[in-house]
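Remarks on the structure that follows.
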Amino acid sequence: MSSILGIDIGTTAIKFNLFSKEDYLILCSKKYLVPMKESSHEYSTQDPQVILALVLKGIQAIANDYLIDEIVFSTAMHSLIPIINGEVGEMYLWSDKRAQATIAEFKVLHPSRAKHFYEVTGTPIHAMSPFAKLLYFKACEPEFFEAVDQWIDLKSFLLNFFTGEYVVDYSIASATGLFNTLTFEWDQEILSFLKVRKSQLPRAVDTNTAFLISQEILKKLNIPTKIQLYVGASDGTLASYASLVGTSRKISLTVGTSGALRTISSERKISQTQRTFCYYLAENQWVIGGASNNGGRTLEWANELFYEQPARIFEEIPNCLMNSPIGAKGLVFLPYINGERAPLWDESVHGVFNGVTLGHNRQDFIRAICEGILFNLKVIYNDFALQEKVSIALSGGFFSIAGMAEEAAAIFGAECVQSDYTEPAFGAVALVAESLASFNQTALAVVPIDSLKEISYQQSFTHFSQILQKERN
């Protein structure tokens, strides 16, 4: 039986899923947590060598029990790794905010250029992107900037280890703010503005491009057979594709550490308001949407406030939803405790509790936090301007909390579905699979709309939107 291993490398964990190529059943799964190197609220980095070690650990652990024929990668977007004199530096993550002031100044001083750069790349002008970080290093750390020989990302770092070449896929490249998705080349105007040379960047290839893992590496891993390695795509686009293949739904809602609302389109579509991204997935397949900084990490923060035991809040949320009414007695939470990408694209924004009274208790606060996370994502959803009701595929740990999928269905006014096949690793496998004809979707869990809840949530969402507008003004 032939198999394919999907490896999904996120900012908090690496997930390994080995699939049978006959029926795409999951044969084996493993997960390793990835340590963060947060030296301050603004700085967010990781050690790429640690990630590589965990990737090798997972491959070896699975290869001990199963024959691996192919591997395909999913990696997080917006990573940036400098290489100086052959030494690989720390990896700057999307959540690293050191470019916040620099990119804000750029948007004020160069509005037409910012708009043009967004239009050719599909990447919003924001501190998350490698474009913004390079702009920061150029302006604020010029000696370091000049010393860097190569600027790479996590995907090209891994591909270099396994194949000996710095290669990145079009999907990851399209989220850098440096890659022209009209021409599928590193944009020379943007590189000239940054004073970055094309030779400093990895070679960009399509997402289904395959390589053979070098014999030297296979020998180190003690794997006797050849393994074909696909470059794959980004975790966000692959989560969206997994939802499409696994549930037949084009709209996907993911809430893990952060959150995102995405849809798949056969056409490249750029927002006139610059509020949504447009990232490449495969030929005639684009993923359009918005990602929020404030998902499950917001609940972790709330747990630190309200409970002594780690992760206790995830057990208590169902009770809070039951004992606090929809709207949390007028308490509104704007969940921007970690700045924000979509829908605001403003790293300087802060979280807000509005309407606090002596009548509010802990359960009201926790309900307000859950509602605030989902209401914020509904603002992104409304940007899609859909003309008819659609069904939404849910994914991410947030929706493993009892009752949360039902709340989402009522808030979005849409039937929701859940499946084991909505994770990026399956999306990566589906992207390069020769045929998915044998794959069936019988394991779907359908979450209907509670019409009474929907009416109540419509009122609460209107209140949320009014408070948000007032705060932004």
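Lettering and numbering for the structure tokens are positional, with chains as A, B, ... in the shown order, residues counted from 1 in each chain, and ligands counted from 1 in the shown order.
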- Item | Tyr241 in chain A surroundings by only C-alpha atoms, 10 Å radius, close-in-sequence under 2 positions cut, as a PyMOL selection string | chain A and resi 235-239+243-252+262-264+281+285-287+422-424+426-428+430-431
Any chance you could export the current selection's N, CA and C atoms as a PDB file, in the first residue's frame?
```
ATOM      1  N   ASP A 235      -0.172  27.090   4.920  1.00  0.00           N
ATOM      2  CA  ASP A 235      -1.171  26.435   5.779  1.00  0.00           C
ATOM      3  C   ASP A 235      -2.567  27.024   5.588  1.00  0.00           C
ATOM      4  N   GLY A 236      -2.650  28.335   5.417  1.00  0.00           N
ATOM      5  CA  GLY A 236      -3.952  28.967   5.259  1.00  0.00           C
ATOM      6  C   GLY A 236      -4.666  28.546   3.984  1.00  0.00           C
ATOM      7  N   THR A 237      -3.944  28.549   2.858  1.00  0.00           N
ATOM      8  CA  THR A 237      -4.576  28.160   1.598  1.00  0.00           C
ATOM      9  C   THR A 237      -4.924  26.674   1.612  1.00  0.00           C
ATOM     10  N   LEU A 238      -4.090  25.871   2.273  1.00  0.00           N
ATOM     11  CA  LEU A 238      -4.337  24.425   2.304  1.00  0.00           C
ATOM     12  C   LEU A 238      -5.480  24.063   3.245  1.00  0.00           C
ATOM     13  N   ALA A 239      -5.666  24.834   4.313  1.00  0.00           N
ATOM     14  CA  ALA A 239      -6.832  24.615   5.172  1.00  0.00           C
ATOM     15  C   ALA A 239      -8.106  24.881   4.376  1.00  0.00           C
ATOM     16  N   SER A 243     -10.922  22.027   3.269  1.00  0.00           N
ATOM     17  CA  SER A 243     -12.354  22.189   3.527  1.00  0.00           C
ATOM     18  C   SER A 243     -13.171  21.967   2.260  1.00  0.00           C
ATOM     19  N   LEU A 244     -12.656  22.442   1.134  1.00  0.00           N
ATOM     20  CA  LEU A 244     -13.362  22.258  -0.133  1.00  0.00           C
ATOM     21  C   LEU A 244     -13.427  20.779  -0.510  1.00  0.00           C
ATOM     22  N   VAL A 245     -12.293  20.096  -0.434  1.00  0.00           N
ATOM     23  CA  VAL A 245     -12.248  18.680  -0.820  1.00  0.00           C
ATOM     24  C   VAL A 245     -12.964  17.818   0.218  1.00  0.00           C
ATOM     25  N   GLY A 246     -12.742  18.129   1.495  1.00  0.00           N
ATOM     26  CA  GLY A 246     -13.282  17.299   2.563  1.00  0.00           C
ATOM     27  C   GLY A 246     -14.755  17.502   2.830  1.00  0.00           C
ATOM     28  N   THR A 247     -15.308  18.678   2.459  1.00  0.00           N
ATOM     29  CA  THR A 247     -16.714  18.962   2.773  1.00  0.00           C
ATOM     30  C   THR A 247     -17.506  19.528   1.597  1.00  0.00           C
ATOM     31  N   SER A 248     -16.848  19.854   0.498  1.00  0.00           N
ATOM     32  CA  SER A 248     -17.470  20.491  -0.683  1.00  0.00           C
ATOM     33  C   SER A 248     -17.898  21.931  -0.416  1.00  0.00           C
ATOM     34  N   ARG A 249     -17.432  22.525   0.680  1.00  0.00           N
ATOM     35  CA  ARG A 249     -17.779  23.919   1.002  1.00  0.00           C
ATOM     36  C   ARG A 249     -16.653  24.852   0.578  1.00  0.00           C
ATOM     37  N   LYS A 250     -17.005  25.919  -0.133  1.00  0.00           N
ATOM     38  CA  LYS A 250     -15.984  26.877  -0.585  1.00  0.00           C
ATOM     39  C   LYS A 250     -15.584  27.854   0.513  1.00  0.00           C
ATOM     40  N   ILE A 251     -16.479  28.093   1.480  1.00  0.00           N
ATOM     41  CA  ILE A 251     -16.200  29.020   2.572  1.00  0.00           C
ATOM     42  C   ILE A 251     -15.685  28.222   3.768  1.00  0.00           C
ATOM     43  N   SER A 252     -14.565  28.644   4.329  1.00  0.00           N
ATOM     44  CA  SER A 252     -14.026  27.958   5.504  1.00  0.00           C
ATOM     45  C   SER A 252     -13.748  28.966   6.610  1.00  0.00           C
ATOM     46  N   ARG A 262     -12.072  32.327   4.888  1.00  0.00           N
ATOM     47  CA  ARG A 262     -11.504  32.239   3.538  1.00  0.00           C
ATOM     48  C   ARG A 262     -12.511  31.640   2.563  1.00  0.00           C
ATOM     49  N   THR A 263     -12.326  31.976   1.292  1.00  0.00           N
ATOM     50  CA  THR A 263     -13.095  31.354   0.225  1.00  0.00           C
ATOM     51  C   THR A 263     -12.171  31.070  -0.943  1.00  0.00           C
ATOM     52  N   ILE A 264     -12.502  30.048  -1.712  1.00  0.00           N
ATOM     53  CA  ILE A 264     -11.694  29.683  -2.879  1.00  0.00           C
ATOM     54  C   ILE A 264     -12.349  30.236  -4.139  1.00  0.00           C
ATOM     55  N   LEU A 281      -2.966  29.358  -4.735  1.00  0.00           N
ATOM     56  CA  LEU A 281      -2.986  27.974  -4.266  1.00  0.00           C
ATOM     57  C   LEU A 281      -2.482  27.025  -5.350  1.00  0.00           C
ATOM     58  N   GLN A 285      -6.718  28.563  -9.035  1.00  0.00           N
ATOM     59  CA  GLN A 285      -7.250  28.439  -7.683  1.00  0.00           C
ATOM     60  C   GLN A 285      -6.572  29.474  -6.769  1.00  0.00           C
ATOM     61  N   TRP A 286      -7.378  30.367  -6.246  1.00  0.00           N
ATOM     62  CA  TRP A 286      -6.896  31.435  -5.373  1.00  0.00           C
ATOM     63  C   TRP A 286      -7.691  31.402  -4.074  1.00  0.00           C
ATOM     64  N   VAL A 287      -7.047  31.747  -2.985  1.00  0.00           N
ATOM     65  CA  VAL A 287      -7.726  31.796  -1.696  1.00  0.00           C
ATOM     66  C   VAL A 287      -7.824  33.255  -1.270  1.00  0.00           C
ATOM     67  N   THR A 422     -10.368  18.669   7.329  1.00  0.00           N
ATOM     68  CA  THR A 422     -10.327  20.110   7.051  1.00  0.00           C
ATOM     69  C   THR A 422      -8.993  20.736   7.479  1.00  0.00           C
ATOM     70  N   GLU A 423      -8.018  19.905   7.810  1.00  0.00           N
ATOM     71  CA  GLU A 423      -6.723  20.413   8.272  1.00  0.00           C
ATOM     72  C   GLU A 423      -5.767  20.596   7.098  1.00  0.00           C
ATOM     73  N   PRO A 424      -4.776  21.498   7.246  1.00  0.00           N
ATOM     74  CA  PRO A 424      -3.843  21.765   6.139  1.00  0.00           C
ATOM     75  C   PRO A 424      -3.105  20.535   5.622  1.00  0.00           C
ATOM     76  N   PHE A 426      -4.175  17.519   5.156  1.00  0.00           N
ATOM     77  CA  PHE A 426      -4.989  16.862   4.132  1.00  0.00           C
ATOM     78  C   PHE A 426      -5.080  17.737   2.889  1.00  0.00           C
ATOM     79  N   GLY A 427      -5.174  19.046   3.061  1.00  0.00           N
ATOM     80  CA  GLY A 427      -5.182  19.942   1.909  1.00  0.00           C
ATOM     81  C   GLY A 427      -3.923  19.793   1.076  1.00  0.00           C
ATOM     82  N   ALA A 428      -2.780  19.636   1.753  1.00  0.00           N
ATOM     83  CA  ALA A 428      -1.505  19.460   1.053  1.00  0.00           C
ATOM     84  C   ALA A 428      -1.502  18.169   0.255  1.00  0.00           C
ATOM     85  N   ALA A 430      -4.190  16.489  -0.781  1.00  0.00           N
ATOM     86  CA  ALA A 430      -5.178  16.602  -1.850  1.00  0.00           C
ATOM     87  C   ALA A 430      -4.647  17.418  -3.023  1.00  0.00           C
ATOM     88  N   LEU A 431      -3.804  18.391  -2.724  1.00  0.00           N
ATOM     89  CA  LEU A 431      -3.253  19.275  -3.757  1.00  0.00           C
ATOM     90  C   LEU A 431      -2.419  18.503  -4.770  1.00  0.00           C
TER      91      LEU A 431
END
```
Which residues of range 346-381 of chain A sit at most 12 Å from range 82-100 of chain A, using only C-alpha atoms? Give each one's shortest atom pair and distance in Å (one decimal place), in chain and ascending residue order, as JSON lines.
```
{"residue": "A:Asp346", "atom": "CA", "partner": "A:Gln100", "partner_atom": "CA", "distance": 8.6}
{"residue": "A:Glu347", "atom": "CA", "partner": "A:Gln100", "partner_atom": "CA", "distance": 6.4}
{"residue": "A:Ser348", "atom": "CA", "partner": "A:Gln100", "partner_atom": "CA", "distance": 7.7}
{"residue": "A:Val349", "atom": "CA", "partner": "A:Gln100", "partner_atom": "CA", "distance": 11.2}
```
- Item | Close residues, Thr209 in chain A itself excluded, 9 Å, only C-alpha atoms, min 2 positions apart in chain, as a PyMOL selection string | chain A and resi 169+205-207+211+229-232+432
Emit the selected residues as a PDB file, in the first residue's frame, including N, CA and C atoms.
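Output saved as result_29.pdb:
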```
ATOM      1  N   ASP A 169       7.464  27.827  -2.689  1.00  0.00           N
ATOM      2  CA  ASP A 169       6.317  27.666  -3.583  1.00  0.00           C
ATOM      3  C   ASP A 169       5.636  29.010  -3.839  1.00  0.00           C
ATOM      4  N   VAL A 205       8.621  28.235  -7.284  1.00  0.00           N
ATOM      5  CA  VAL A 205       8.095  27.198  -8.170  1.00  0.00           C
ATOM      6  C   VAL A 205       6.627  26.960  -7.845  1.00  0.00           C
ATOM      7  N   ASP A 206       5.936  26.258  -8.733  1.00  0.00           N
ATOM      8  CA  ASP A 206       4.522  25.981  -8.507  1.00  0.00           C
ATOM      9  C   ASP A 206       4.348  24.997  -7.345  1.00  0.00           C
ATOM     10  N   THR A 207       3.152  24.979  -6.796  1.00  0.00           N
ATOM     11  CA  THR A 207       2.914  24.254  -5.546  1.00  0.00           C
ATOM     12  C   THR A 207       2.933  22.734  -5.698  1.00  0.00           C
ATOM     13  N   PHE A 211      10.440  17.000  -5.895  1.00  0.00           N
ATOM     14  CA  PHE A 211      11.872  16.762  -5.827  1.00  0.00           C
ATOM     15  C   PHE A 211      12.088  15.380  -5.217  1.00  0.00           C
ATOM     16  N   LEU A 229       9.399  14.361  -2.693  1.00  0.00           N
ATOM     17  CA  LEU A 229       9.012  15.476  -1.830  1.00  0.00           C
ATOM     18  C   LEU A 229       8.349  16.565  -2.662  1.00  0.00           C
ATOM     19  N   TYR A 230       7.107  16.897  -2.310  1.00  0.00           N
ATOM     20  CA  TYR A 230       6.395  17.997  -2.976  1.00  0.00           C
ATOM     21  C   TYR A 230       6.564  19.268  -2.159  1.00  0.00           C
ATOM     22  N   VAL A 231       6.733  20.390  -2.864  1.00  0.00           N
ATOM     23  CA  VAL A 231       6.954  21.660  -2.178  1.00  0.00           C
ATOM     24  C   VAL A 231       5.712  22.103  -1.405  1.00  0.00           C
ATOM     25  N   GLY A 232       4.498  21.809  -1.930  1.00  0.00           N
ATOM     26  CA  GLY A 232       3.265  22.148  -1.209  1.00  0.00           C
ATOM     27  C   GLY A 232       2.953  23.627  -1.224  1.00  0.00           C
ATOM     28  N   VAL A 432      -1.703  17.484  -4.311  1.00  0.00           N
ATOM     29  CA  VAL A 432      -0.789  16.757  -5.202  1.00  0.00           C
ATOM     30  C   VAL A 432      -1.284  15.351  -5.518  1.00  0.00           C
TER      31      VAL A 432
END
```
- Message: Residues near Arg362 in chain A, anyone? I mean within 10 Å using only C-alpha atoms, not counting same-chain ones fewer than 6 positions away, as an MDAnalysis selection string.
- Response: chainID A and resid 306 320 324 368
- Item | Non-local contacts of Gln228 in chain A (9 Å; only C-alpha atoms; under 5 positions in same chain excluded) as a PyMOL selection string | chain A and resi 69-72+210-213
Write the residues of the preceding selection, restricted to N, CA and C atoms, as a CSV table (one decimal), in the first residue's frame.
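Writing done, so here's again.csv:
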```
chain,number,residue,atom,x,y,z
A,69,ASP,N,6.1,6.9,0.9
A,69,ASP,CA,6.4,7.0,-0.5
A,69,ASP,C,6.6,8.5,-0.9
A,70,GLU,N,5.8,9.4,-0.3
A,70,GLU,CA,5.8,10.8,-0.7
A,70,GLU,C,5.6,11.6,0.5
A,71,ILE,N,6.1,12.8,0.5
A,71,ILE,CA,5.9,13.8,1.5
A,71,ILE,C,5.5,15.2,0.9
A,72,VAL,N,4.6,15.9,1.5
A,72,VAL,CA,4.2,17.2,1.0
A,72,VAL,C,4.1,18.1,2.2
A,210,ALA,N,7.8,18.7,-7.6
A,210,ALA,CA,8.3,17.5,-6.9
A,210,ALA,C,9.8,17.5,-7.0
A,211,PHE,N,10.4,17.0,-5.9
A,211,PHE,CA,11.9,16.8,-5.8
A,211,PHE,C,12.1,15.4,-5.2
A,212,LEU,N,13.3,14.9,-5.3
A,212,LEU,CA,13.7,13.7,-4.6
A,212,LEU,C,14.5,14.1,-3.4
A,213,ILE,N,14.2,13.5,-2.2
A,213,ILE,CA,15.0,13.8,-1.1
A,213,ILE,C,16.4,13.2,-1.4
```
- Item | Backbone DSSP call of helix (DSSP H, G or I) for range 155-355 of chain A, listed as an NGL selection string | :A and (155-163 or 170-173 or 188-194 or 198-200 or 215-221 or 235-247 or 296-306 or 312-323 or 328-330)
- Item | Point-to-point distance in Å for CA of Asn293 in chain A and CA of His41 in chain A | 13.6 Å
- Selection near Thr225 in chain A, 10 Å with only C-alpha atoms, sequence-local residues under 3 positions removed, as a PyMOL selection string: chain A and resi 67-69+215+218-219+222+228
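Scanning range 136-169 of chain A with DSSP on the backbone, the strand (DSSP E) assignments fall on A:Gln150, A:Trp151, A:Ile152, A:Val167, A:Val168, A:Asp169.
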Please, could you write that set of residues out with N, CA and C atoms as an mmCIF file, in the first residue's frame?
```cif
data_model
loop_
_atom_site.group_PDB
_atom_site.id
_atom_site.type_symbol
_atom_site.label_atom_id
_atom_site.label_comp_id
_atom_site.auth_asym_id
_atom_site.auth_seq_id
_atom_site.Cartn_x
_atom_site.Cartn_y
_atom_site.Cartn_z
ATOM 1 N N GLN A 150 21.328 36.249 2.292
ATOM 2 C CA GLN A 150 20.094 35.711 1.734
ATOM 3 C C GLN A 150 18.940 35.923 2.705
ATOM 4 N N TRP A 151 17.770 36.164 2.124
ATOM 5 C CA TRP A 151 16.534 36.236 2.892
ATOM 6 C C TRP A 151 15.659 35.073 2.445
ATOM 7 N N ILE A 152 15.356 34.173 3.359
ATOM 8 C CA ILE A 152 14.556 33.016 3.000
ATOM 9 C C ILE A 152 13.357 32.901 3.951
ATOM 10 N N VAL A 167 14.296 26.741 -2.387
ATOM 11 C CA VAL A 167 13.109 26.788 -3.245
ATOM 12 C C VAL A 167 11.897 27.109 -2.385
ATOM 13 N N VAL A 168 11.043 27.995 -2.884
ATOM 14 C CA VAL A 168 9.792 28.318 -2.205
ATOM 15 C C VAL A 168 8.649 28.159 -3.197
ATOM 16 N N ASP A 169 7.464 27.827 -2.689
ATOM 17 C CA ASP A 169 6.317 27.666 -3.583
ATOM 18 C C ASP A 169 5.636 29.010 -3.839
#
```
- Task: Tell me which protein, DNA and RNA residues are within 12 Å of Glu146 in chain A, counting only C-alpha atoms, leaving out same-chain ones fewer than 4 positions away, and put them as a list in words.
- Result: Pro82, Ile83, Ile84, Leu134, Phe137, Lys138, Ala139, Cys140, Glu141, Pro142, Gln150, Trp151, Leu194, Lys195, Val196, Arg197 and Gln200 of chain A
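Minimum distance to Ser400 in chain A across A:Phe314, A:Tyr170, A:Phe184, A:Phe461 (counting only C-alpha atoms) occurs at A:Phe314.
Taking only C-alpha atoms into account, Leu154 in chain A lies nearest to A:Phe73 out of the set A:Phe353, A:Trp345, A:Trp186, A:Phe73.
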